[in-house]
Structures are given as C-alpha cells and as structure tokens.
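The structure under discussion appears below in the form of structure tokens.
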Amino acid sequence: MPDIKVTIDGRVVEVPKGTTILEAAKQVGLFIPTLCHLDLHDIKMVNQTASCRICVVEVEGSRRLMPACATPVAEGMNIKTNTVKVLNARKTVMELTLSDHPKDCLVCSQSGECELQDLAEMLGIREVRVSGKSQSTYKKDYSPSIIRDMDKCIMCRRCETMCNDVQTVGALSGINRGFDAVVATAFEADLVDTVCTHCGQCVAVCPVGALSEKDNVWTVVEALADPEKVVVVQTAPAVRVALGEEFGYEPGTIVTGKMAAALRRLGFDYVFDTDFAADLTIMEEGAELLDRLTRYLEGDTTVPLPMLTSCCPAWVNFIESQFPDLLDIPSSAKSPQQMFGSIAKSYYAEKLGVPREKMVVVSVMPCLAKKQEASREEFQVDGNPDVDLSISTRELAHLIKQANLNLQELEEEDFDHPLGMSTGAGVIFGTTGGVIEAATRTAYEWLTGSELEKLDFEQLRGMDGIRVATVPINDLKLNIGIAHGLGNARALLEEVQQGNPRNLHAIEIMACPGGCIGGGGQPYHHGDIEILHKRAAAIYQEDRNKEIRKSHENPAIKELYETYLGEPLGEKAHALLHTTYTSKQKV
C-alpha cells in the first residue's frame with residue numbers, strides 16, 4: 001500500500017494510509033497534547049473517542065478544527081498544529097474542563113502524576129475564566145482495592161475502553177449526558193457488587209484521580225509503630241524491576257538488594273521474598289498438574305483438563321463471576337501471596353514463638369487485586385487474615401520517600417531466611433508465561449526422572465496476547481496455553497467450553513497485560529509499552545543471575561516439607577496451601 005504525503009507545520013512526511021494526524025505528527029517529532037487518546041499497540045487497546053478535543057488542529061480547506069487523534073491523513077493534506085486559532089481552542093477547552101473539576105490538587109492521590117495537571121501547566125493556564133457545575137452529586141466508592149471519585153472524571157473513557165474492550169469485564173460504562181455525564185457501574189452499584197475483577201487496569205490508564213488505589217500506607221506505618229506487633233513483609237517478583245522507576249532509575253533496572261535495605265530501614269522486623277512462596281506454589285501446583293496428567297495418561301477421562309494456574313486473584317475473580325461452569329479446572333493452589341501469609345502465620349510464627357494475632361504480614365505487590373484477595377473470608381483464621389495489608393509498588397515508593405530514604409544511596413542487602421530464599425523459577429512469576437515455565441521446569445524433571453539440561457523455555461515467552469506451545473516430555477507432548485489480559489483469557493476459556501479443540505493440558509492466565517510487570521499497582525507507564533518489555537527483560541535477567549533456578553531444588557522449600565508440611569498435596573499442605581472457588585454472579 002503506497003504511503004501518503006502530508007505536510008505538518010511545514011514539514012513533509014510520508015505515512016501509511018489510515019495513519020491519524022496524531023500518529024503522523026509523532027513521526028516528525030511534533031507533540032500534540034491529548035487527554036483521552038491512548039494507544040497501547042502490544043495489548044491492542046486504542047482509545048480513540050476524541051472526547052477531550054485538546055488535540056484539535058487546523059487542516060487547510062476545512063472550516064472547523066479537527067481532532068488529530070481521530071482524523072486520518074489524506075494525500076496532500078496541509079496541517080497546522082500551532083496557529084493562534086488552535087492554541088486558543090485548546091486553552092478554552094482546558095478551561096472548560098477545569099471549570100467542572102475539583103480544585104483539591106494538593107491532596108489528590110494523582111498529584112504529580114496527573115495528565116490534566118501537566119497539560120494545564122503546558123498550556124499556561126493560570127486562571128479559569130468560566131465557572132461550571134461541580135459533579136458533587138456522585139458518591140465516592142471505596143472497595144478493598146480501588147476508590148472511585150467521579151467528581152474528578154473528565155469523561156476521557158479510557159477506563160471504559162480498558163474494562164470493556166481489553167479486559168472484556170464490562171464493569172464500567174458511560175452514562176448520562178452533559179454535566180451529568182460520567183463513567184459508572186451498572187445501576188451505579190459499588191464496585192464490590194459488580195463483575196469488577198479489581199485488576200486495576202482502569203486505574204493504570206486513568207489520566208486524573210477519578211480512579212485510584214485504596215491507600216494502605218499509613219495503616220502499615222501504624223503497624224510498624226506498634227511495639228506489640230511483629231511485622232513481616234513479602235515482596236513480589238515484579239516489584240524489584242519497577243520500583244527503581246520511582247527513584248530515577250531506567251525502566252527494567254533491578255533494585256532487589258536496595259529494596260530489601262529500604263524495607264529494613266522502614267522498620268520491618270523481617271524482610272522476606274514472595275519468590276519463596278512462588279517456589280512453594282510450584283511444588284503444589286506442579287504436583288497437582290502431575291497428578292492430573294498421570295491419571296489422564298492412564299485413561300481416566302474424568303480428569304479436569306486443561307488445568308489453569310491460579311496465582312492471579314483478578315483472573316480468579318473473572319472466572320468466578322463470568323465462567324462459573326469451569327470452576328472445576330483451575331488449580332486449587334492458593335496464590336503465592338496467600339501461601340506466604342499462611343506459612344508465615346503458622347510455620348514461621350511457631351518458630352518465633354509469636355501468637356498468630358501478634359504477627360502482621362504486609363505484602364508489596366504490583367497488583368491492586370491483591371488488596372481484595374487479602375480481604376477474602378476464606379483466607380482468614382477466626383477472623384485473622386493470613387495477609388493483613390497489601391500495598392502496591394507505588395505505595396512502597398511513597399513510603400520510602402516519606403521516610404526520607406534515598407534508594408540510590410542504600411547499600412544492597414539480602415532477604416532474611418528461610419522465607420527469603422528463592423530460585424529463578426520464583427522470579428519469573430513476574431511476567432507472562434513465567435508461572436507455567438517455572439512449573440514446566442519442575443514437572444519435566446518429576447515426570448522424566450532426569451535433569452533438565454536447558455532451563456529456558458523460549459517457546460513460552462513473548463508478549464503475544466495468546467500463545468500456544470508444545471513441550472515434549474517423554475512420550476507426552478505437553479500442550480500449554482498462555483494468555484495475558486482478560487480479553488485474551490476469555491477467548492481461551494471459550495475454546496475450553498467448546499471442547500478444548502487445541503487439546504491443551506495446562507493454561508496460564510494473568511489478568512494484566514504483560515503479567516505482573518504491567519500490574520495496576522506498578523509505576524505508571526503512561527502508554528509507553530516499551531517499559532513493559534524492559535521490565536520483562538529484567539525479570540529473565542534476575543532468573544539467570546540465580547544460583548538455583550528450579551523450585552524443587554530450593555533448600556528452604558525442601559526443609560519446609562521435611563519438617564512441617566510432609567508431602568506436596570498432603571493433608572497439612574492441602575489445609576494450608578489450597579482453597580476452593582465459588583460462583584459469584586454479579587451485575
């Protein structure tokens with residue numbers, strides 16, 4: 001298809017047919033501001049509603065200004081992005097937007113990350129010459145993971161596109177008109193009463209503070225200040241490759257040792273690694289997969305296959321609410337976060353001689369759904385939760401900054417043992433394909449009885465939304481499916497409902513694009529998907545740096561089974577490390 005030649009601010013550029021003015025301008029290094037537009041190529045999300053009108057430009061021959069984000073170029077088009085007419089229109093639109101927006105920037109959770117704030121600064125807005133109707137009639141919606149403050153909604157509809165088109169959850173939709181227009185839930189129900197999975201991807205793309213995470217930072221500080229409490233912390237694998245971005249490091253910089261040092265300076269009594277629990281998850285999930293495959297190979301046609309990984313709480317919420325007929329096929333293994341909490345408050349509390357209720361388990365997660373997962377009743381003993389508090393990567397960064405710690409100046413330190421000892425298999429849980437690759441490393445050696453020579457299963461890696469690969473193990477060709485993003489998960493689950501035509505034996509699903517590296521609690525990427533690629537590369541580098549790279553070879557895991565749990569899938573292991581799923585039909 002021949003390229004189209006256009007002129008933008010006097011510069012001639014050739015672009016493919018179908019390219020928008022906004023995309024063409026980027027190719028010649030011209031910045032056109034926008035609030036509603038968001039193009040995340042790798043996860044096939046394009047929010048092209050042209051609702052904010054900040055990106056208007058002049059096109060020669062047109063009597064009206066055109067939205068650059070939604071106007072395709074045409075041969076010979078002459079475009080001007082910086083005329084007085086354009087600049088005045090943008091300033092007027094911004095003033096109208098601000099006239100109906102709360103002026104509480106000093107206490108807004110998005111302050112410093114707010115795209116509306118940034119554009120107002122860029123456009124030189126120093127006063128708002130019009131007054132609008134405040135959207136003060138909307139209630140604030142507090143869930144265990146996400147807060148909705150629709151007074152701040154600017155109707156960019158990014159969250160709606162993410163929730164409906166990418167995640168296919170359908171919890172959010174635009175309602176009403178004029179000043180009353182807002183993105184809301186069905187019947188304006190609270191998020192906890194809807195099909196919301198708490199994945200937090202709506203928060204990740206919201207340009208303002210209309211959607212934010214429930215902040216647990218000060219509750220953590222109160223626990224640290226309580227002399228009666230023993231406070232332990234666990235950190236997820238994806239956190240260590242993203243936390244540095246909040247402190248001036250390049251995306252994908254590994255800050256594991258500095259993070260451990262910072263957590264000690266903050267006052268945590270013990271600093272542990274969720275990677276330990278990821279290795280533990282592989283022991284249980286791998287044993288469960290091995291059991292199902294063995295029975296399948298012996299001719300048992302009732303074996304629930306494919307087995308689905310169960311590490312991602314948002315994905316678990318998704319299947320519980322939207323695919324209740326498939327609840328027999330996920331692994332019953334708890335997520336690493338919950339396994340850690342269960343072991344910390346049983347095995348480790350007993351070693352310390354600390355009563356369960358005196359121990360506070362804090363998790364640092366890239367995921368907002370982990371906050372909701374920690375609050376689930378099945379993960380409590382007599383009302384005491386296995387994980388007391390979950391904070392995001394962003395919240396940990398805020399806590400470190402509040403404590404006046406400079407991450408770059410800290411000397412690297414190691415995690416405490418035994419719950420801080422982990423393998424490379426535990427690390428790769430942080431990116432799409434990592435859980436099933438870690439499980440395959442262990443399942444291969446358990447099934448064959450021989451040592452795996454090549455640990456890197458390249459066929460399981462990548463950023464394609466749906467990937468299918470075959471791993472030969474003895475006479476079995478193990479067919480593996482991988483999906484990241486709930487829209488892709490839906491496509492695979494619908495295949496399973498239709499009889500599993502690809503004959504998949506195991507499927508890994510992660511709710512967030514890219515897996516945990518793209519979680520809703522990670523530092524904002526503002527549409528730069530290259531950041532996810534750098535974080536994924538760092539995860540695999542951390543794996544290669546590990547002395548031990550297979551979960552079943554973790555010495556601390558071996559000791560845990562020998563002295564406390566018994567065998568994988570045994571009675572004690574099942575009681576502490578497994579759960580059940582229930583249908584949860586919601587609006």
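Ligands are numbered from 1 in the order shown, chains are lettered A, B, ... in the order of the structure tokens, and residues start at 1 in each chain.
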
Write out as a short mmCIF file (atom, residue, chain, number, x, y, z; two decimals) with N, CA and C atoms, in the first residue's frame which residues come within 12 Å of Ala575 (chain A) when counting only C-alpha atoms, dropping same-chain ones fewer than 4 positions away.
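Output file out_32.cif is given in full below:
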data_model
loop_
_atom_site.label_atom_id
_atom_site.label_comp_id
_atom_site.auth_asym_id
_atom_site.auth_seq_id
_atom_site.Cartn_x
_atom_site.Cartn_y
_atom_site.Cartn_z
N GLU A 284 3.18 -27.26 44.87
CA GLU A 284 1.79 -27.71 44.99
C GLU A 284 1.09 -27.75 43.63
N SER A 332 -6.22 -25.77 42.60
CA SER A 332 -6.75 -25.33 43.90
C SER A 332 -5.67 -24.64 44.74
N ALA A 333 -4.45 -24.55 44.21
CA ALA A 333 -3.36 -23.91 44.95
C ALA A 333 -3.66 -22.43 45.16
N LYS A 334 -3.38 -21.93 46.36
CA LYS A 334 -3.51 -20.51 46.62
C LYS A 334 -2.46 -19.74 45.84
N MET A 339 -0.16 -18.07 50.07
CA MET A 339 0.65 -19.16 50.62
C MET A 339 1.67 -18.61 51.62
N SER A 342 -0.06 -17.72 54.88
CA SER A 342 -0.44 -18.92 55.62
C SER A 342 0.76 -19.55 56.31
N ILE A 343 1.89 -19.64 55.59
CA ILE A 343 3.11 -20.23 56.18
C ILE A 343 3.71 -19.31 57.23
N SER A 346 1.81 -19.62 60.48
CA SER A 346 1.76 -20.96 61.09
C SER A 346 3.20 -21.41 61.36
N GLU A 378 -12.17 -16.63 53.09
CA GLU A 378 -11.54 -17.96 53.13
C GLU A 378 -10.06 -17.91 53.48
N PHE A 379 -9.48 -16.71 53.45
CA PHE A 379 -8.07 -16.56 53.81
C PHE A 379 -7.91 -15.97 55.20
N VAL A 381 -8.35 -16.96 59.58
CA VAL A 381 -8.49 -17.95 60.63
C VAL A 381 -9.07 -17.24 61.85
N LEU A 565 5.44 -29.69 56.48
CA LEU A 565 4.29 -29.93 55.61
C LEU A 565 4.08 -31.39 55.23
N GLY A 566 5.16 -32.17 55.21
CA GLY A 566 5.04 -33.52 54.69
C GLY A 566 5.22 -33.52 53.19
N PRO A 568 3.92 -32.74 49.11
CA PRO A 568 3.02 -31.89 48.33
C PRO A 568 1.67 -32.58 48.14
N LEU A 569 0.61 -31.81 48.27
CA LEU A 569 -0.77 -32.29 48.19
C LEU A 569 -1.16 -33.15 49.39
N GLY A 570 -0.27 -33.25 50.39
CA GLY A 570 -0.60 -33.99 51.60
C GLY A 570 -1.66 -33.25 52.42
N GLU A 571 -2.08 -33.89 53.50
CA GLU A 571 -3.18 -33.35 54.30
C GLU A 571 -2.86 -31.96 54.85
N THR A 579 -7.27 -23.92 48.30
CA THR A 579 -8.55 -23.26 48.53
C THR A 579 -9.57 -23.81 47.55
N THR A 580 -10.78 -23.26 47.59
CA THR A 580 -11.83 -23.63 46.65
C THR A 580 -12.40 -22.36 46.04
#

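Counting only C-alpha atoms, the residue from A:Glu245, A:Glu58, A:Glu547, A:Asp3 that sits nearest to Ala397 (chain A) is A:Glu245.
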
Exercise. Find the spatial neighbours of Asn216 (chain A), counting only C-alpha atoms, within a cut-off of 12 Å - ignore same-chain residues fewer than 5 positions away - and output them as a PyMOL selection string.
Key: chain A and resi 144-146+221-223+362-364+368+371+388-396+398-399

Practice problem: List the neighbours of region 319-327 of chain A out to 6 Å using only C-alpha atoms; skip same-chain residues closer than 2 positions along the sequence, and give me the result as a PyMOL selection string. | Solution: chain A and resi 316-317+329+583-585

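Between Ala210 (chain A) and the residues A:Phe429, A:Tyr564, A:Tyr138, A:Trp315, the shortest atom-to-atom distance, using only C-alpha atoms, involves A:Tyr138.
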
Write out, as JSON lines, each residue of region 261-302 of chain A that has an atom at most 10 Å from region 500-523 of chain A, together with the closest pair of atoms and their distance in Å to one decimal, counting only C-alpha atoms, rows going by chain and rising number.
{"residue": "A:Leu289", "atom": "CA", "partner": "A:Ala506", "partner_atom": "CA", "distance": 7.9}
{"residue": "A:Arg292", "atom": "CA", "partner": "A:His505", "partner_atom": "CA", "distance": 9.2}
{"residue": "A:Leu293", "atom": "CA", "partner": "A:His505", "partner_atom": "CA", "distance": 7.9}
{"residue": "A:Tyr296", "atom": "CA", "partner": "A:His505", "partner_atom": "CA", "distance": 9.7}

Can I get the selected residues back with N, CA and C atoms, as a compact mmCIF listing (two decimals), in the first residue's frame?
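Dumped everything to result-v9.txt:
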# COMPACT_ATOMS: atom_id res chain seq x y z
N LEU A 289 -0.65 -30.73 38.79
CA LEU A 289 -0.61 -30.97 37.35
C LEU A 289 -0.10 -32.37 37.05
N ARG A 292 -2.84 -34.91 37.71
CA ARG A 292 -3.87 -34.91 36.67
C ARG A 292 -3.35 -35.56 35.38
N LEU A 293 -2.10 -35.22 35.02
CA LEU A 293 -1.54 -35.80 33.79
C LEU A 293 -1.36 -37.31 33.92
N TYR A 296 -4.65 -38.89 33.54
CA TYR A 296 -5.06 -38.74 32.14
C TYR A 296 -4.37 -39.77 31.25

Quiz prompt | DSSP-assigned helix (DSSP H, G or I) members of region 352-497 of chain A, reported as a ChimeraX atom specification | solution = /A:352,356-358,369-374,377-379,393-402,407-409,424-430,434-448,458-460,486-497

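In terms of minimum interatomic distance to Glu250 (chain A), A:Glu530 ranks closest within A:Glu228, A:Glu530, A:Glu121, A:Asp269, counting only C-alpha atoms.
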